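Participant: Contents of run.json (JSON, C-alpha atoms):
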[["chain", "number", "residue", "atom", "x", "y", "z"],
["C", 1, "MET", "CA", -5.88, -9.63, 14.91],
["C", 2, "ASP", "CA", -9.20, -8.49, 16.33],
["C", 3, "SER", "CA", -9.98, -5.00, 15.10],
["C", 4, "ALA", "CA", -12.40, -3.04, 12.98],
["C", 5, "TYR", "CA", -9.84, -3.32, 10.16],
["C", 6, "GLU", "CA", -9.44, -7.10, 10.21],
["C", 7, "GLY", "CA", -9.29, -8.47, 6.68],
["C", 8, "HIS", "CA", -8.25, -5.16, 5.10],
["C", 9, "THR", "CA", -5.65, -5.01, 2.36],
["C", 10, "ILE", "CA", -3.59, -2.25, 0.78],
["C", 11, "ARG", "CA", -2.82, -1.93, -2.92],
["C", 12, "VAL", "CA", 0.07, 0.26, -4.06],
["C", 13, "ARG", "CA", 0.38, 1.26, -7.70],
["C", 14, "PRO", "CA", 1.53, 4.14, -9.90],
["C", 15, "ALA", "CA", -0.91, 7.04, -9.62],
["C", 16, "VAL", "CA", -0.79, 7.75, -13.34],
["C", 17, "ASP", "CA", 1.99, 5.67, -14.89],
["C", 18, "ALA", "CA", 5.40, 4.43, -13.86],
["C", 19, "ALA", "CA", 7.15, 7.21, -15.75],
["C", 20, "ALA", "CA", 5.50, 9.81, -13.50],
["C", 21, "ARG", "CA", 7.04, 8.09, -10.44],
["C", 22, "GLU", "CA", 4.02, 9.10, -8.33],
["C", 23, "LEU", "CA", 2.49, 6.28, -6.31],
["C", 24, "THR", "CA", -0.84, 5.89, -4.61],
["C", 25, "ALA", "CA", -2.01, 3.46, -1.96],
["C", 26, "GLN", "CA", -5.61, 2.45, -1.42],
["C", 27, "VAL", "CA", -7.00, 0.54, 1.54],
["C", 28, "TYR", "CA", -9.73, -2.01, 0.81],
["C", 29, "ASP", "CA", -12.03, -3.77, 3.25],
["C", 30, "ARG", "CA", -12.56, -7.54, 3.30],
["C", 31, "ASP", "CA", -15.30, -7.17, 0.66],
["C", 32, "GLY", "CA", -13.01, -5.28, -1.74],
["C", 33, "ARG", "CA", -14.57, -1.86, -1.15],
["C", 34, "ALA", "CA", -12.25, 1.14, -1.02],
["C", 35, "VAL", "CA", -11.82, 2.67, 2.43],
["C", 36, "GLY", "CA", -11.20, 6.42, 2.30],
["C", 37, "ALA", "CA", -9.28, 8.26, -0.38],
["C", 38, "HIS", "CA", -6.16, 7.26, -2.28],
["C", 39, "VAL", "CA", -3.05, 8.13, -0.27],
["C", 40, "PRO", "CA", 0.14, 9.29, -2.02],
["C", 41, "VAL", "CA", 3.17, 7.24, -0.94],
["C", 42, "ALA", "CA", 6.81, 7.50, -1.93],
["C", 43, "THR", "CA", 8.69, 5.15, 0.43],
["C", 44, "TRP", "CA", 8.32, 1.78, 2.12],
["C", 45, "THR", "CA", 8.10, 3.60, 5.46],
["C", 46, "GLN", "CA", 4.95, 5.37, 4.31],
["C", 47, "VAL", "CA", 3.45, 2.03, 3.23],
["C", 48, "GLU", "CA", 4.35, 0.55, 6.63],
["C", 49, "LEU", "CA", 2.65, 3.47, 8.41],
["C", 50, "LEU", "CA", -0.55, 2.76, 6.48],
["C", 51, "GLU", "CA", -0.27, -0.92, 7.42],
["C", 52, "GLU", "CA", 0.01, 0.06, 11.07],
["C", 53, "LYS", "CA", -2.86, 2.55, 10.90],
["C", 54, "TYR", "CA", -5.24, 0.04, 9.31],
["C", 55, "HIS", "CA", -3.81, -3.07, 11.04],
["C", 56, "VAL", "CA", -2.92, -4.63, 7.68],
["C", 57, "ARG", "CA", -0.46, -7.51, 7.72],
["C", 58, "THR", "CA", 2.54, -6.80, 5.47],
["C", 59, "GLU", "CA", 2.07, -10.06, 3.59],
["C", 60, "THR", "CA", -1.41, -8.96, 2.45],
["C", 61, "THR", "CA", -0.23, -5.63, 1.01],
["C", 62, "GLN", "CA", -0.22, -5.81, -2.78],
["C", 63, "VAL", "CA", 2.43, -3.77, -4.60],
["C", 64, "GLU", "CA", 2.57, -3.64, -8.39],
["C", 65, "ALA", "CA", 5.99, -4.33, -9.93],
["C", 66, "ASP", "CA", 6.51, -0.76, -11.17],
["C", 67, "ALA", "CA", 5.49, 0.60, -7.77],
["C", 68, "ARG", "CA", 7.87, -1.82, -6.00],
["C", 69, "ARG", "CA", 10.78, -0.61, -8.12],
["C", 70, "ILE", "CA", 9.96, 3.05, -7.38],
["C", 71, "LEU", "CA", 9.53, 2.36, -3.65],
["C", 72, "ASP", "CA", 12.88, 0.52, -3.61],
["C", 73, "GLU", "CA", 14.64, 3.41, -5.37],
["C", 74, "ASN", "CA", 13.05, 6.06, -3.15],
["C", 75, "SER", "CA", 13.81, 4.07, 0.00],
["C", 76, "GLY", "CA", 17.33, 3.07, -0.98],
["C", 77, "THR", "CA", 16.44, -0.62, -0.63],
["C", 78, "THR", "CA", 15.77, -3.66, -2.73],
["C", 79, "THR", "CA", 13.09, -6.29, -2.28],
["C", 80, "ALA", "CA", 12.76, -9.76, -3.68]]
Hey, can you dump this file as structure tokens for me?

Facilitator:
Amino acid sequence: MDSAYEGHTIRVRPAVDAAARELTAQVYDRDGRAVGAHVPVATWTQVELLEEKYHVRTETTQVEADARRILDENSGTTTA
């Protein structure tokens, strides 16, 4: 991957708390600095779109356990 976004990661977590069911994603550069604003996400498809936009490999996206459960429920899927 040779792009301006090489080495970026995405972190997905509850925006406030898991009970609120609102999630936010943040893109970080290779030095751990936030890139842009927090982005609200509700489904795995929205996370995948962010990965595509910032050329982030899926295996480097970090999703907190509560966020994973909410994404699964909203997307009608389950993940390991």

Participant: Report, in Å with one decimal, the straight-line distance from atom CA of Glu6 of chain C to atom CA of Val56 of chain C.

Facilitator: 7.4 Å

Participant: In Å, rounded to a single decimal, give me how far atom CA of Trp44 of chain C is from atom CA of Gln62 of chain C.

Facilitator: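 Going from atom CA of Gln62 of chain C over to atom CA of Trp44 of chain C, I get 12.4 Å.
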
Participant: Could you work out how far atom CA of Tyr54 of chain C lies from atom CA of Gly76 of chain C, giving the answer in Å with one decimal?

Facilitator: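 These atoms are spaced 25.0 Å apart.
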
Participant: Dump as number ranges by chain all residues having an atom at most 9 Å from (4.5, 8.5, -5.2), computed in the file's coordinates with all atoms listed in the file.

Facilitator: C: 13-15, 20-25, 40-43, 67, 70-71
